[in-house]
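Structure below is start_21.cif: mmCIF, C-alpha atoms and all ligand atoms.
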data_target
loop_
_atom_site.label_atom_id
_atom_site.label_comp_id
_atom_site.auth_asym_id
_atom_site.auth_seq_id
_atom_site.Cartn_x
_atom_site.Cartn_y
_atom_site.Cartn_z
CA MET A 1469 0.00 0.00 0.00
CA GLU A 1470 1.25 3.45 -0.89
CA THR A 1471 1.13 5.95 2.00
CA LYS A 1472 0.23 9.48 0.94
CA ARG A 1473 1.49 12.54 2.80
CA LEU A 1474 -1.33 15.09 2.67
CA ASP A 1475 0.10 18.56 3.23
CA TYR A 1476 -2.58 20.43 5.14
CA HIS A 1477 -1.11 23.88 4.78
CA ARG A 1478 -0.61 23.52 1.04
CA ASP A 1479 -3.98 21.98 0.10
CA MET A 1480 -6.36 22.57 2.96
CA GLU A 1481 -9.65 21.76 1.27
CA GLU A 1482 -8.33 18.72 -0.55
CA THR A 1483 -6.67 17.34 2.59
CA ILE A 1484 -9.88 17.63 4.57
CA GLN A 1485 -11.95 16.05 1.81
CA THR A 1486 -9.54 13.16 1.24
CA THR A 1487 -9.26 12.41 4.96
CA VAL A 1488 -13.01 12.50 5.53
CA ASP A 1489 -13.56 10.23 2.50
CA TYR A 1490 -11.08 7.70 3.87
CA TRP A 1491 -12.68 7.76 7.32
CA LYS A 1492 -16.16 7.33 5.85
CA LYS A 1493 -14.92 4.35 3.80
CA GLY A 1494 -13.60 2.69 6.96
CA GLU A 1495 -9.92 3.46 6.34
CA VAL A 1496 -7.31 4.76 8.80
CA VAL A 1497 -5.57 8.12 8.41
CA ALA A 1498 -2.96 9.62 10.74
CA PHE A 1499 -3.41 13.26 11.75
CA PRO A 1500 -1.79 15.85 14.02
CA THR A 1501 -3.11 16.73 17.45
CA GLU A 1502 -1.58 19.16 19.95
CA THR A 1503 -0.06 16.27 21.95
CA VAL A 1504 1.23 13.74 19.39
CA TYR A 1505 0.05 12.44 15.99
CA GLY A 1506 -2.93 10.07 16.17
CA LEU A 1507 -3.90 7.15 13.92
CA GLY A 1508 -7.61 7.69 13.33
CA ALA A 1509 -10.57 5.61 12.17
CA ASP A 1510 -14.37 5.67 12.60
CA ALA A 1511 -15.02 4.66 16.23
CA THR A 1512 -18.45 3.26 15.35
CA ASN A 1513 -17.03 0.89 12.71
CA ALA A 1514 -15.37 -2.19 14.25
CA ALA A 1515 -13.74 -3.26 10.97
CA ALA A 1516 -12.15 0.18 10.57
CA VAL A 1517 -10.96 0.13 14.18
CA SER A 1518 -9.35 -3.28 13.76
CA LYS A 1519 -7.17 -1.78 11.01
CA ILE A 1520 -5.66 0.56 13.61
CA PHE A 1521 -4.61 -2.38 15.79
CA ARG A 1522 -3.15 -4.17 12.78
CA ALA A 1523 -1.18 -1.18 11.45
CA LYS A 1524 0.29 -0.41 14.89
CA GLU A 1525 0.68 -4.05 15.93
CA ARG A 1526 -1.09 -3.06 19.11
CA PRO A 1527 -2.49 -5.64 21.58
CA GLU A 1528 -6.28 -5.72 21.22
CA ASP A 1529 -7.03 -5.42 24.92
CA ASN A 1530 -5.50 -1.93 25.02
CA PRO A 1531 -8.38 0.52 24.44
CA LEU A 1532 -8.28 3.55 22.16
CA ILE A 1533 -9.19 7.18 22.82
CA ILE A 1534 -12.05 8.73 20.86
CA HIS A 1535 -11.60 12.23 19.46
CA ILE A 1536 -14.51 14.59 18.88
CA ALA A 1537 -14.83 18.17 17.62
CA GLY A 1538 -16.92 19.53 20.49
CA LYS A 1539 -18.67 18.62 23.70
CA GLU A 1540 -22.09 18.49 21.97
CA GLN A 1541 -21.06 15.04 20.66
CA LEU A 1542 -20.31 13.75 24.15
CA HIS A 1543 -23.82 12.82 25.20
CA SER A 1544 -24.50 10.41 22.36
CA LEU A 1545 -21.21 8.57 23.04
CA THR A 1546 -21.58 8.11 26.79
CA ASP A 1547 -24.07 6.66 29.21
CA GLY A 1548 -24.15 9.65 31.57
CA TYR A 1549 -21.35 11.10 33.70
CA PRO A 1550 -20.84 12.99 36.98
CA ALA A 1551 -21.44 16.75 37.04
CA TYR A 1552 -17.76 17.51 37.68
CA VAL A 1553 -16.95 16.36 34.13
CA ASP A 1554 -18.72 19.45 32.78
CA GLN A 1555 -16.53 21.60 35.02
CA LEU A 1556 -13.36 19.86 33.82
CA ILE A 1557 -14.45 20.30 30.21
CA GLU A 1558 -15.15 23.96 30.86
CA SER A 1559 -11.60 24.46 32.15
CA PHE A 1560 -9.45 22.10 30.07
CA SER A 1561 -11.19 21.20 26.79
CA PRO A 1562 -10.46 21.51 23.97
CA GLY A 1563 -7.00 20.46 25.12
CA PRO A 1564 -4.64 17.65 26.15
CA ILE A 1565 -6.98 15.76 28.49
CA THR A 1566 -8.94 12.51 28.05
CA TYR A 1567 -12.00 11.66 30.13
CA VAL A 1568 -12.77 7.99 30.79
CA LEU A 1569 -16.58 7.73 30.96
CA LYS A 1570 -19.26 5.03 30.78
CA SER A 1571 -19.62 4.15 27.12
CA SER A 1572 -22.73 4.18 24.97
CA PRO A 1573 -23.28 1.00 22.93
CA ARG A 1574 -22.73 3.08 19.77
CA ILE A 1575 -18.98 2.78 20.24
CA ALA A 1576 -17.44 -0.28 18.59
CA GLU A 1577 -16.48 -2.82 21.23
CA ASN A 1578 -12.89 -3.14 20.02
CA VAL A 1579 -12.34 0.59 20.69
CA ARG A 1580 -12.92 -0.14 24.38
CA GLY A 1581 -10.75 -3.23 24.58
CA GLY A 1582 -13.63 -5.07 26.22
CA LEU A 1583 -14.20 -2.42 28.94
CA ARG A 1584 -17.52 -0.71 29.61
CA THR A 1585 -15.86 2.65 29.64
CA VAL A 1586 -14.48 4.80 26.87
CA GLY A 1587 -11.80 7.51 26.79
CA ILE A 1588 -12.91 10.72 25.04
CA ARG A 1589 -10.88 13.78 24.12
CA ILE A 1590 -11.58 17.09 22.37
CA PRO A 1591 -8.26 18.09 20.79
CA SER A 1592 -7.38 21.77 20.49
CA HIS A 1593 -5.08 21.42 17.47
CA PRO A 1594 -6.71 23.45 14.67
CA VAL A 1595 -6.06 20.76 12.03
CA ALA A 1596 -7.49 17.99 14.22
CA HIS A 1597 -10.47 20.19 14.97
CA LYS A 1598 -11.14 20.92 11.30
CA LEU A 1599 -10.94 17.24 10.31
CA LEU A 1600 -13.18 16.10 13.16
CA ALA A 1601 -15.74 18.84 12.56
CA ALA A 1602 -15.84 18.13 8.81
CA SER A 1603 -16.25 14.37 9.26
CA GLU A 1604 -18.88 14.53 12.03
CA ILE A 1605 -17.59 11.08 13.02
CA PRO A 1606 -16.15 10.17 16.45
CA ILE A 1607 -12.59 9.16 15.57
CA ALA A 1608 -10.80 6.47 17.56
CA ALA A 1609 -7.08 7.26 17.57
CA PRO A 1610 -4.12 5.95 19.51
CA SER A 1611 -0.72 7.58 19.02
CA ALA A 1612 0.37 6.90 15.42
CA ASN A 1613 3.57 5.00 16.24
CA ARG A 1614 4.37 1.32 15.90
CA SER A 1615 3.62 -0.28 19.27
CA GLY A 1616 6.69 0.02 21.49
CA LYS A 1617 8.15 3.05 19.67
CA PRO A 1618 8.11 6.64 20.94
CA SER A 1619 4.93 8.51 19.99
CA PRO A 1620 5.26 10.58 16.78
CA THR A 1621 5.38 14.36 16.99
CA THR A 1622 5.80 14.91 13.23
CA ALA A 1623 4.31 13.39 10.06
CA GLN A 1624 7.84 12.19 9.25
CA HIS A 1625 7.86 10.08 12.45
CA VAL A 1626 4.54 8.54 11.42
CA LEU A 1627 5.98 7.69 7.99
CA GLU A 1628 9.06 6.10 9.62
CA ASP A 1629 6.81 3.69 11.50
CA LEU A 1630 3.79 3.17 9.26
CA THR A 1631 4.75 3.66 5.60
CA GLY A 1632 3.06 0.96 3.55
CA LYS A 1633 0.65 0.13 6.37
CA ILE A 1634 -1.79 3.07 6.16
CA PRO A 1635 -3.21 4.95 3.16
CA ALA A 1636 -2.38 8.48 4.36
CA VAL A 1637 -0.98 10.85 6.97
CA VAL A 1638 -2.05 14.48 7.25
CA ASP A 1639 1.05 16.65 7.68
CA GLY A 1640 0.10 19.62 9.84
CA GLY A 1641 3.52 20.43 11.31
CA SER A 1642 4.95 19.49 14.71
CA ALA A 1643 2.76 18.53 17.66
CA ASN A 1644 3.73 21.21 20.16
CA VAL A 1645 2.86 19.62 23.54
CA GLY A 1646 4.90 16.52 22.76
CA VAL A 1647 3.59 14.12 25.42
CA GLU A 1648 0.25 12.33 25.31
CA SER A 1649 -2.87 13.64 27.01
CA THR A 1650 -3.60 13.37 30.72
CA VAL A 1651 -6.05 10.45 31.12
CA VAL A 1652 -8.59 10.89 33.91
CA ASP A 1653 -11.04 8.22 35.04
CA CYS A 1654 -14.30 10.08 35.62
CA THR A 1655 -16.56 7.15 36.41
CA GLY A 1656 -16.42 7.60 40.19
CA GLU A 1657 -17.31 10.27 42.72
CA GLN A 1658 -13.87 11.81 42.31
CA PRO A 1659 -11.62 11.84 39.26
CA VAL A 1660 -8.59 9.50 39.25
CA ILE A 1661 -5.55 10.24 37.09
CA LEU A 1662 -4.55 7.19 35.04
CA ARG A 1663 -1.84 8.81 32.93
CA LEU A 1664 0.04 12.06 33.46
CA GLY A 1665 0.22 14.69 30.75
CA LYS A 1666 0.58 18.43 30.39
CA ILE A 1667 -2.49 18.98 32.59
CA THR A 1668 -1.29 18.14 36.07
CA LYS A 1669 -2.96 16.86 39.21
CA GLN A 1670 -2.57 20.36 40.66
CA ASP A 1671 -4.38 21.83 37.65
CA ILE A 1672 -7.32 19.45 38.13
CA GLU A 1673 -7.37 20.06 41.87
CA GLN A 1674 -8.15 23.71 41.19
CA ILE A 1675 -11.56 22.36 40.14
CA ILE A 1676 -12.15 19.21 42.22
CA PRO A 1677 -10.15 16.98 44.59
CA VAL A 1678 -8.46 14.10 42.81
CA ALA A 1679 -8.72 10.63 44.36
CA GLU A 1680 -5.33 9.12 45.19
CA ILE A 1681 -4.06 6.13 43.34
CA ALA A 1682 -1.18 4.47 45.13
CA GLU A 1683 2.13 4.62 43.30
CA GLY A 1684 2.51 1.63 41.03
CA GLN A 1685 -1.05 0.47 41.70
CA HIS A 1686 -2.27 1.22 38.21
CA ILE A 1687 0.45 -0.96 36.73
CA ASP A 1688 -1.78 -4.01 37.10
CA ALA A 1689 -5.18 -2.43 37.50
CA PRO A 1690 -7.52 -3.19 34.60
CA LYS A 1691 -8.52 0.48 34.74
CA SER A 1692 -5.95 1.60 32.19
CA PRO A 1693 -4.72 -1.43 30.29
CA GLY A 1694 -2.15 0.60 28.38
CA VAL A 1695 0.12 1.05 31.37
CA LYS A 1696 0.93 -2.66 31.61
CA TYR A 1697 2.64 -2.63 28.22
CA ARG A 1698 6.17 -1.46 27.74
CA HIS A 1699 6.14 1.84 25.93
CA TYR A 1700 8.60 4.17 24.30
CA MET A 1701 11.40 1.71 23.89
CA PRO A 1702 14.35 3.47 22.31
CA GLU A 1703 16.64 1.18 20.34
CA VAL A 1704 19.68 2.52 22.16
CA PRO A 1705 19.60 1.65 25.90
CA LEU A 1706 18.63 4.68 28.00
CA ILE A 1707 19.84 5.14 31.57
CA LEU A 1708 18.03 7.68 33.72
CA ALA A 1709 20.59 9.05 36.19
CA LEU A 1710 18.77 10.83 39.01
CA ARG A 1711 22.06 10.99 40.93
CA ASP A 1712 25.76 10.14 40.34
CA GLU A 1713 25.44 11.60 36.86
CA VAL A 1714 29.10 12.23 36.05
CA GLU A 1715 30.17 8.91 37.62
CA THR A 1716 27.61 7.03 35.56
CA ILE A 1717 28.85 8.62 32.33
CA ARG A 1718 32.52 7.95 33.20
CA LYS A 1719 31.81 4.34 34.13
CA HIS A 1720 30.36 3.62 30.71
CA GLN A 1721 33.17 5.47 28.93
CA LEU A 1722 35.76 3.50 30.88
CA ALA A 1723 34.03 0.33 29.71
CA GLY A 1724 34.79 1.51 26.14
CA GLU A 1725 31.27 2.62 25.30
CA LYS A 1726 30.36 5.68 23.25
CA VAL A 1727 28.06 7.64 25.52
CA GLY A 1728 25.24 9.99 24.50
CA VAL A 1729 23.96 12.47 27.07
CA LEU A 1730 20.31 13.53 27.13
CA THR A 1731 19.95 16.78 29.01
CA MET A 1732 18.35 20.19 29.23
CA ASP A 1733 20.92 22.64 27.95
CA ALA A 1734 24.45 23.14 26.72
CA ALA A 1735 25.99 23.27 30.21
CA SER A 1736 26.66 19.53 29.84
CA ASP A 1737 28.42 19.91 26.49
CA ASN A 1738 31.73 18.60 27.77
CA LEU A 1739 30.21 15.39 29.14
CA GLY A 1740 29.80 12.30 27.02
CA ASP A 1741 30.53 11.83 23.33
CA LYS A 1742 27.31 13.26 21.94
CA VAL A 1743 24.72 15.54 23.53
CA PHE A 1744 20.98 15.43 22.87
CA LEU A 1745 19.55 18.75 24.01
CA LEU A 1746 15.95 18.95 25.17
CA GLY A 1747 15.62 22.67 25.94
CA LYS A 1748 15.37 24.93 28.95
CA SER A 1749 11.69 25.06 29.88
CA LYS A 1750 9.33 22.20 30.76
CA GLU A 1751 7.38 22.98 27.60
CA GLU A 1752 10.47 22.75 25.37
CA ILE A 1753 11.61 19.54 27.06
CA ALA A 1754 8.22 17.86 26.54
CA ALA A 1755 8.03 19.00 22.93
CA GLN A 1756 11.52 17.67 22.15
CA LEU A 1757 11.52 14.41 24.14
CA TYR A 1758 10.18 11.89 21.62
CA ARG A 1759 12.13 13.44 18.76
CA SER A 1760 15.33 12.92 20.79
CA LEU A 1761 14.41 9.33 21.62
CA ARG A 1762 14.02 8.73 17.87
CA ASP A 1763 17.20 10.64 16.96
CA MET A 1764 19.30 8.42 19.21
CA ARG A 1765 18.83 5.54 16.79
CA GLN A 1766 20.47 7.47 13.97
CA THR A 1767 23.73 7.87 15.88
CA ASP A 1768 26.49 5.46 16.78
CA VAL A 1769 26.28 5.88 20.56
CA ASP A 1770 26.14 2.64 22.59
CA VAL A 1771 24.15 4.05 25.47
CA VAL A 1772 22.36 7.30 26.35
CA ILE A 1773 22.41 8.69 29.88
CA ALA A 1774 19.72 11.21 30.86
CA ILE A 1775 21.00 13.75 33.40
CA GLY A 1776 19.75 16.89 35.13
CA LEU A 1777 16.13 15.89 34.64
CA ASN A 1778 13.70 15.68 37.53
CA LYS A 1779 10.11 16.60 38.41
CA ILE A 1780 11.05 20.21 38.97
CA THR A 1781 13.12 20.77 35.85
CA ALA A 1782 11.23 18.54 33.42
CA GLY A 1783 7.77 18.04 34.94
CA GLU A 1784 6.00 14.86 35.99
CA ALA A 1785 4.70 13.83 32.58
CA VAL A 1786 8.20 13.84 31.05
CA MET A 1787 9.67 11.97 34.04
CA ASP A 1788 6.92 9.35 33.72
CA ARG A 1789 7.81 8.79 30.04
CA LEU A 1790 11.56 8.71 30.76
CA LYS A 1791 11.09 6.12 33.49
CA LYS A 1792 9.14 3.94 31.08
CA ALA A 1793 11.77 4.35 28.38
CA ALA A 1794 14.76 3.70 30.66
CA SER A 1795 16.34 0.29 30.91
CA LEU A 1796 18.01 1.39 34.17
CA ILE A 1797 17.30 4.13 36.71
CA VAL A 1798 20.14 5.29 38.98
CA GLU A 1799 18.35 6.58 42.08
O1 LIG B 1801 -2.65 12.57 23.51
C1 LIG B 1801 -3.14 11.47 23.36
O2 LIG B 1801 -3.85 10.93 24.23
C2 LIG B 1801 -2.89 10.74 22.03
C3 LIG B 1801 -3.51 11.57 20.92
C4 LIG B 1801 -3.42 10.88 19.58
O3 LIG B 1801 -4.82 11.88 21.27
N1 LIG B 1801 -3.43 9.42 22.07
C5 LIG B 1801 -2.87 8.42 22.79
O4 LIG B 1801 -3.52 7.22 22.67
O5 LIG B 1801 -1.91 8.56 23.48
P1 LIG B 1801 -2.90 5.84 23.15
O6 LIG B 1801 -3.84 4.82 22.61
O7 LIG B 1801 -1.50 5.72 22.72
O8 LIG B 1801 -3.03 5.86 24.69
C6 LIG B 1801 -4.30 5.78 25.29
C7 LIG B 1801 -4.17 5.44 26.75
C8 LIG B 1801 -3.74 4.00 26.95
O9 LIG B 1801 -2.85 3.95 28.04
C9 LIG B 1801 -5.07 3.31 27.26
O10 LIG B 1801 -4.87 2.14 28.02
C10 LIG B 1801 -5.82 4.40 28.01
O11 LIG B 1801 -5.46 5.59 27.38
N2 LIG B 1801 -7.27 4.22 27.85
C11 LIG B 1801 -8.00 4.34 26.72
N3 LIG B 1801 -9.29 4.04 26.96
C12 LIG B 1801 -9.39 3.73 28.25
C13 LIG B 1801 -10.46 3.30 29.11
N4 LIG B 1801 -11.69 3.13 28.66
N5 LIG B 1801 -10.18 3.06 30.40
C14 LIG B 1801 -8.92 3.22 30.85
N6 LIG B 1801 -7.87 3.60 30.11
C15 LIG B 1801 -8.09 3.85 28.83
MG MG B 1802 0.55 5.35 22.57
#
Take the structure in the file and give it back as structure tokens.
Ligand code: TXA
Ligand code: MG
Amino acid sequence: METKRLDYHRDMEETIQTTVDYWKKGEVVAFPTETVYGLGADATNAAAVSKIFRAKERPEDNPLIIHIAGKEQLHSLTDGYPAYVDQLIESFSPGPITYVLKSSPRIAENVRGGLRTVGIRIPSHPVAHKLLAASEIPIAAPSANRSGKPSPTTAQHVLEDLTGKIPAVVDGGSANVGVESTVVDCTGEQPVILRLGKITKQDIEQIIPVAEIAEGQHIDAPKSPGVKYRHYMPEVPLILALRDEVETIRKHQLAGEKVGVLTMDAASDNLGDKVFLLGKSKEEIAAQLYRSLRDMRQTDVDVVIAIGLNKITAGEAVMDRLKKAASLIVE
């Protein structure tokens, strides 16, 4: 199968029309959102949804997020939800947050991975919004990477992983948030955060108290099946050094390894054999993270050591992704 790159900014009308036609025919098309690129298909069409799992090689018990243009579509996709959801929507949507709600039977069962709930998100990216509004279809879309690879933040990343496996990707430039949405279970009296993203627990607590979920508990909980799979596996081993940074680098160099250093800014230029710079602010670091994890494969380093990154410098969402990507954490 040939994979077309549809350039949104060059041919807006044609890109929208082609994408909507594919979705209506039950085909999958990748598209930009503000977090990462998604691989979309009609969420009410089980055959279309199964093509997403096949293209990504994703385990079928890992449910997909549904994307809609506006909150008006929410009611027909859910079976009621607590009043606080409207408050969260008011504050954070459109934006990088996904609400897990009781699902209406309209949603194809394979979208939900067998659960009774469904994750729904209203993206704020203008291209995503235009495509969703034009199609009037709820679009199921996981991140548009091959399972186990870092999520794509450009159309080029999507093509690296999925060329020949999908008919088209809409190129709408870089995804600027860079980490996936915050996933919040809203089926109980209080919201529970299942995955961290740009919207933090503190942000949500401005609106309503968040129920605690013990550290590590959600690893096995059926609540968010995605967390039990290994994600974001860079092909070069990544070590997250939360302390003993210089010693860790030296140890690997002494063992004859070529060491890459993943860090915030140029202050670490003299360490290691190659530096992967993430940026100075939390926003820059998040936006650059997955690109760097992909770039590492194109170099000849034997190992990459992440230094100077912690909750305060990089934010919780980035630290969560780094911990998942790391083969070793020095703490
Ligand atoms: O930012 C994002 O969320 C991106 C863009 C494309 O929207 N999408 C994304 O999808 O990251 P995905 O499939 O890679 O991750 C979805 C996560 C998984 O961890 C999945 O297990 C969880 O959300 N999830 C989806 N539906 C759920 C449900 N009904 N209950 C619990 N967890 C759910
Ligand atoms: Mg993903």
Shell of 7 Å around ligand MG 1802 (chain B) (all atoms listed in the file), written as a compact mmCIF listing (two decimals) with C-alpha atoms, keeping the file's coordinate frame:
# COMPACT_ATOMS: atom_id res chain seq x y z
CA PRO A 1610 -4.12 5.95 19.51
CA SER A 1611 -0.72 7.58 19.02
CA SER A 1619 4.93 8.51 19.99
### Task
Name the residues in contact with A:Ala1602 at a cut-off of 10 Å, using only C-alpha atoms, excluding same-chain residues fewer than 3 positions from it; report them as an MDAnalysis selection string.
chainID A and resid 1484:1485 1487:1488 1537 1596:1599 1605
Which residues of chain A have any atom within 8 Å of an atom in ligand LIG 1801 (chain B) when counting only C-alpha atoms and all ligand atoms, and what is the closest pair of atoms for each, with the distance in Å to one decimal? Order the rows by chain and rising number and write it as a Markdown table.
| residue | atom | partner | partner_atom | distance |
| --- | --- | --- | --- | --- |
| A:Pro1500 | CA | B:LIG1801 | C4 | 7.6 |
| A:Thr1501 | CA | B:LIG1801 | C3 | 6.2 |
| A:Glu1502 | CA | B:LIG1801 | O1 | 7.6 |
| A:Thr1503 | CA | B:LIG1801 | O1 | 4.8 |
| A:Val1504 | CA | B:LIG1801 | C3 | 5.4 |
| A:Tyr1505 | CA | B:LIG1801 | C4 | 5.2 |
| A:Gly1506 | CA | B:LIG1801 | C4 | 3.5 |
| A:Leu1507 | CA | B:LIG1801 | C4 | 6.8 |
| A:Asn1530 | CA | B:LIG1801 | O10 | 5.1 |
| A:Pro1531 | CA | B:LIG1801 | N3 | 4.4 |
| A:Leu1532 | CA | B:LIG1801 | C11 | 4.6 |
| A:Ile1533 | CA | B:LIG1801 | C11 | 5.0 |
| A:Ile1534 | CA | B:LIG1801 | O3 | 7.9 |
| A:His1535 | CA | B:LIG1801 | O3 | 7.0 |
| A:Pro1564 | CA | B:LIG1801 | O1 | 6.1 |
| A:Ile1565 | CA | B:LIG1801 | O2 | 7.2 |
| A:Thr1566 | CA | B:LIG1801 | O2 | 6.6 |
| A:Val1568 | CA | B:LIG1801 | N4 | 5.4 |
| A:Leu1569 | CA | B:LIG1801 | N4 | 7.1 |
| A:Val1579 | CA | B:LIG1801 | N3 | 7.8 |
| A:Arg1580 | CA | B:LIG1801 | N4 | 5.5 |
| A:Gly1581 | CA | B:LIG1801 | N4 | 7.6 |
| A:Leu1583 | CA | B:LIG1801 | N4 | 6.1 |
| A:Arg1584 | CA | B:LIG1801 | N4 | 7.0 |
| A:Thr1585 | CA | B:LIG1801 | N4 | 4.3 |
| A:Val1586 | CA | B:LIG1801 | N4 | 3.7 |
| A:Gly1587 | CA | B:LIG1801 | N3 | 4.3 |
| A:Ile1588 | CA | B:LIG1801 | N3 | 7.8 |
| A:Arg1589 | CA | B:LIG1801 | O3 | 7.0 |
| A:Pro1591 | CA | B:LIG1801 | O3 | 7.1 |
| A:Ala1609 | CA | B:LIG1801 | C4 | 5.5 |
| A:Pro1610 | CA | B:LIG1801 | O6 | 3.3 |
| A:Ser1611 | CA | B:LIG1801 | O7 | 4.2 |
| A:Ala1612 | CA | B:LIG1801 | C4 | 6.9 |
| A:Ser1619 | CA | B:LIG1801 | O7 | 7.5 |
| A:Val1647 | CA | B:LIG1801 | O1 | 6.7 |
| A:Glu1648 | CA | B:LIG1801 | O1 | 3.4 |
| A:Ser1649 | CA | B:LIG1801 | O1 | 3.7 |
| A:Thr1650 | CA | B:LIG1801 | O2 | 6.9 |
| A:Val1651 | CA | B:LIG1801 | O11 | 6.2 |
| A:Asp1653 | CA | B:LIG1801 | C14 | 6.9 |
| A:Leu1662 | CA | B:LIG1801 | N6 | 6.9 |
| A:Arg1663 | CA | B:LIG1801 | O9 | 7.0 |
| A:Pro1690 | CA | B:LIG1801 | C14 | 7.6 |
| A:Lys1691 | CA | B:LIG1801 | C14 | 4.8 |
| A:Ser1692 | CA | B:LIG1801 | N6 | 3.5 |
| A:Pro1693 | CA | B:LIG1801 | O10 | 4.2 |
| A:Gly1694 | CA | B:LIG1801 | O10 | 3.1 |
| A:Val1695 | CA | B:LIG1801 | O9 | 5.3 |
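Straight-line separation from atom CA of A:Ala1754 to atom CA of A:Asn1738: 23.6 Å.
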### Query
Which is closer to A:Val1645 than all the others in A:Val1517, A:Ile1667, A:Ile1675, A:Leu1761, using all atoms listed in the file?
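Under the stated criterion, the closest residue is A:Ile1667.
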### Query
With only C-alpha atoms as the basis for distance, which of A:Ala1794, A:Leu1556, A:Ala1511, A:Ile1775 is at the shortest distance from A:Pro1677?
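Distance minimum relative to A:Pro1677 lands on A:Leu1556.
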### Task
Go through A:Ala1793, A:Val1652, A:Asp1547, A:Glu1628 and flag the residue nearest A:Leu1664, using all atoms listed in the file for the distances.
A:Val1652
### Query
Could you list as a ChimeraX atom specification every residue that has an atom within 9 Å of (2.4, 2.4, 20.2), using the file's coordinates and counting all atoms listed in the file?
/A:1524-1526,1610-1619,1699-1700
### Task
Using all atoms listed in the file, find the one residue out of A:Met1787, A:Met1764, A:Ala1755, A:Val1729 that sits nearest to A:Glu1703.
A:Met1764
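Each of A:Leu1730, A:Ile1672, A:Ile1773, A:Val1743 was compared to A:Glu1713 using all atoms listed in the file, and A:Ile1773 turns out to be the nearest.
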### Query
Which residue out of A:Glu1725, A:Ser1518, A:Val1678, A:Asp1712 has the minimum interatomic distance to A:Pro1659 when only C-alpha atoms are used?
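Going through A:Glu1725, A:Ser1518, A:Val1678, A:Asp1712 one by one, the smallest distance to A:Pro1659 is for A:Val1678.
Put simply, atom CA of A:Ser1592 is 15.1 Å away from atom CA of A:Pro1606.
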Which centre and edge lengths in Å to one decimal define the box along x, y and z that fits every listed atom of stretch 1498-1513 of chain A plus 5 Å per side, as lines of an AutoDock Vina configuration file?
center_x = -8.6
center_y = 10.0
center_z = 16.3
size_x = 29.7
size_y = 28.3
size_z = 21.2
#### Entry: Point-to-point distance from atom CA of A:Ile1590 to atom CA of A:Asn1578, Å rounded to tenths
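Answer for the atom CA of A:Ile1590 to atom CA of A:Asn1578 separation: 20.4 Å.
Every protein or nucleic acid residue with an atom no more than 8 Å from A:Tyr1549, counting all atoms listed in the file and leaving out same-chain residues fewer than 6 positions away, appears here: Leu1569, Lys1570, Cys1654 and Thr1655 of chain A.
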Using only C-alpha atoms, which protein or nucleic acid residues come within 9 Å of stretch 1470-1472 of chain A? Drop anything in the same chain fewer than 4 positions from it, and give the result as a compact mmCIF listing (two decimals) with C-alpha atoms, keeping the file's coordinate frame.
# COMPACT_ATOMS: atom_id res chain seq x y z
CA LEU A 1627 5.98 7.69 7.99
CA LEU A 1630 3.79 3.17 9.26
CA THR A 1631 4.75 3.66 5.60
CA GLY A 1632 3.06 0.96 3.55
CA LYS A 1633 0.65 0.13 6.37
CA ILE A 1634 -1.79 3.07 6.16
CA PRO A 1635 -3.21 4.95 3.16
CA ALA A 1636 -2.38 8.48 4.36
CA VAL A 1637 -0.98 10.85 6.97
CA VAL A 1638 -2.05 14.48 7.25
### Message
With 12 Å as the threshold, what does the neighbourhood of (20.9, 0.0, 23.4) contain in terms of residues, counting all atoms listed in the file? Coordinates are those of the file; answer as a list in words.
### Response
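Residues with an atom at most 12 Å from (20.9, 0.0, 23.4): Met1701, Pro1702, Glu1703, Val1704, Pro1705, Leu1706, Ile1707, Glu1725, Lys1726, Val1727, Gly1728, Leu1761, Met1764, Arg1765, Thr1767, Asp1768, Val1769, Asp1770, Val1771, Val1772, Ile1773, Ala1793, Ala1794, Ser1795 and Leu1796 of chain A.
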A:Met1732: which residues within 12 Å, counting only C-alpha atoms, same-chain residues fewer than 5 positions away excluded, as an mmCIF file with C-alpha atoms, in the coordinates of the input?
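Just written: part.cif:
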data_model
loop_
_atom_site.group_PDB
_atom_site.id
_atom_site.type_symbol
_atom_site.label_atom_id
_atom_site.label_comp_id
_atom_site.auth_asym_id
_atom_site.auth_seq_id
_atom_site.Cartn_x
_atom_site.Cartn_y
_atom_site.Cartn_z
ATOM 1 C CA ASP A 1737 28.420 19.910 26.490
ATOM 2 C CA VAL A 1743 24.720 15.540 23.530
ATOM 3 C CA PHE A 1744 20.980 15.430 22.870
ATOM 4 C CA LEU A 1745 19.550 18.750 24.010
ATOM 5 C CA LEU A 1746 15.950 18.950 25.170
ATOM 6 C CA GLY A 1747 15.620 22.670 25.940
ATOM 7 C CA LYS A 1748 15.370 24.930 28.950
ATOM 8 C CA SER A 1749 11.690 25.060 29.880
ATOM 9 C CA LYS A 1750 9.330 22.200 30.760
ATOM 10 C CA GLU A 1751 7.380 22.980 27.600
ATOM 11 C CA GLU A 1752 10.470 22.750 25.370
ATOM 12 C CA ILE A 1753 11.610 19.540 27.060
ATOM 13 C CA ALA A 1754 8.220 17.860 26.540
ATOM 14 C CA GLN A 1756 11.520 17.670 22.150
ATOM 15 C CA LEU A 1757 11.520 14.410 24.140
ATOM 16 C CA SER A 1760 15.330 12.920 20.790
ATOM 17 C CA ALA A 1774 19.720 11.210 30.860
ATOM 18 C CA ILE A 1775 21.000 13.750 33.400
ATOM 19 C CA GLY A 1776 19.750 16.890 35.130
ATOM 20 C CA LEU A 1777 16.130 15.890 34.640
ATOM 21 C CA ASN A 1778 13.700 15.680 37.530
ATOM 22 C CA THR A 1781 13.120 20.770 35.850
ATOM 23 C CA ALA A 1782 11.230 18.540 33.420
#
### Task
Find the spatial neighbours of A:Pro1550, counting only C-alpha atoms, within a cut-off of 9 Å - ignore same-chain residues fewer than 2 positions away - and output them as a VMD selection string.
chain A and resid 1548 1552 to 1554 1654 to 1658
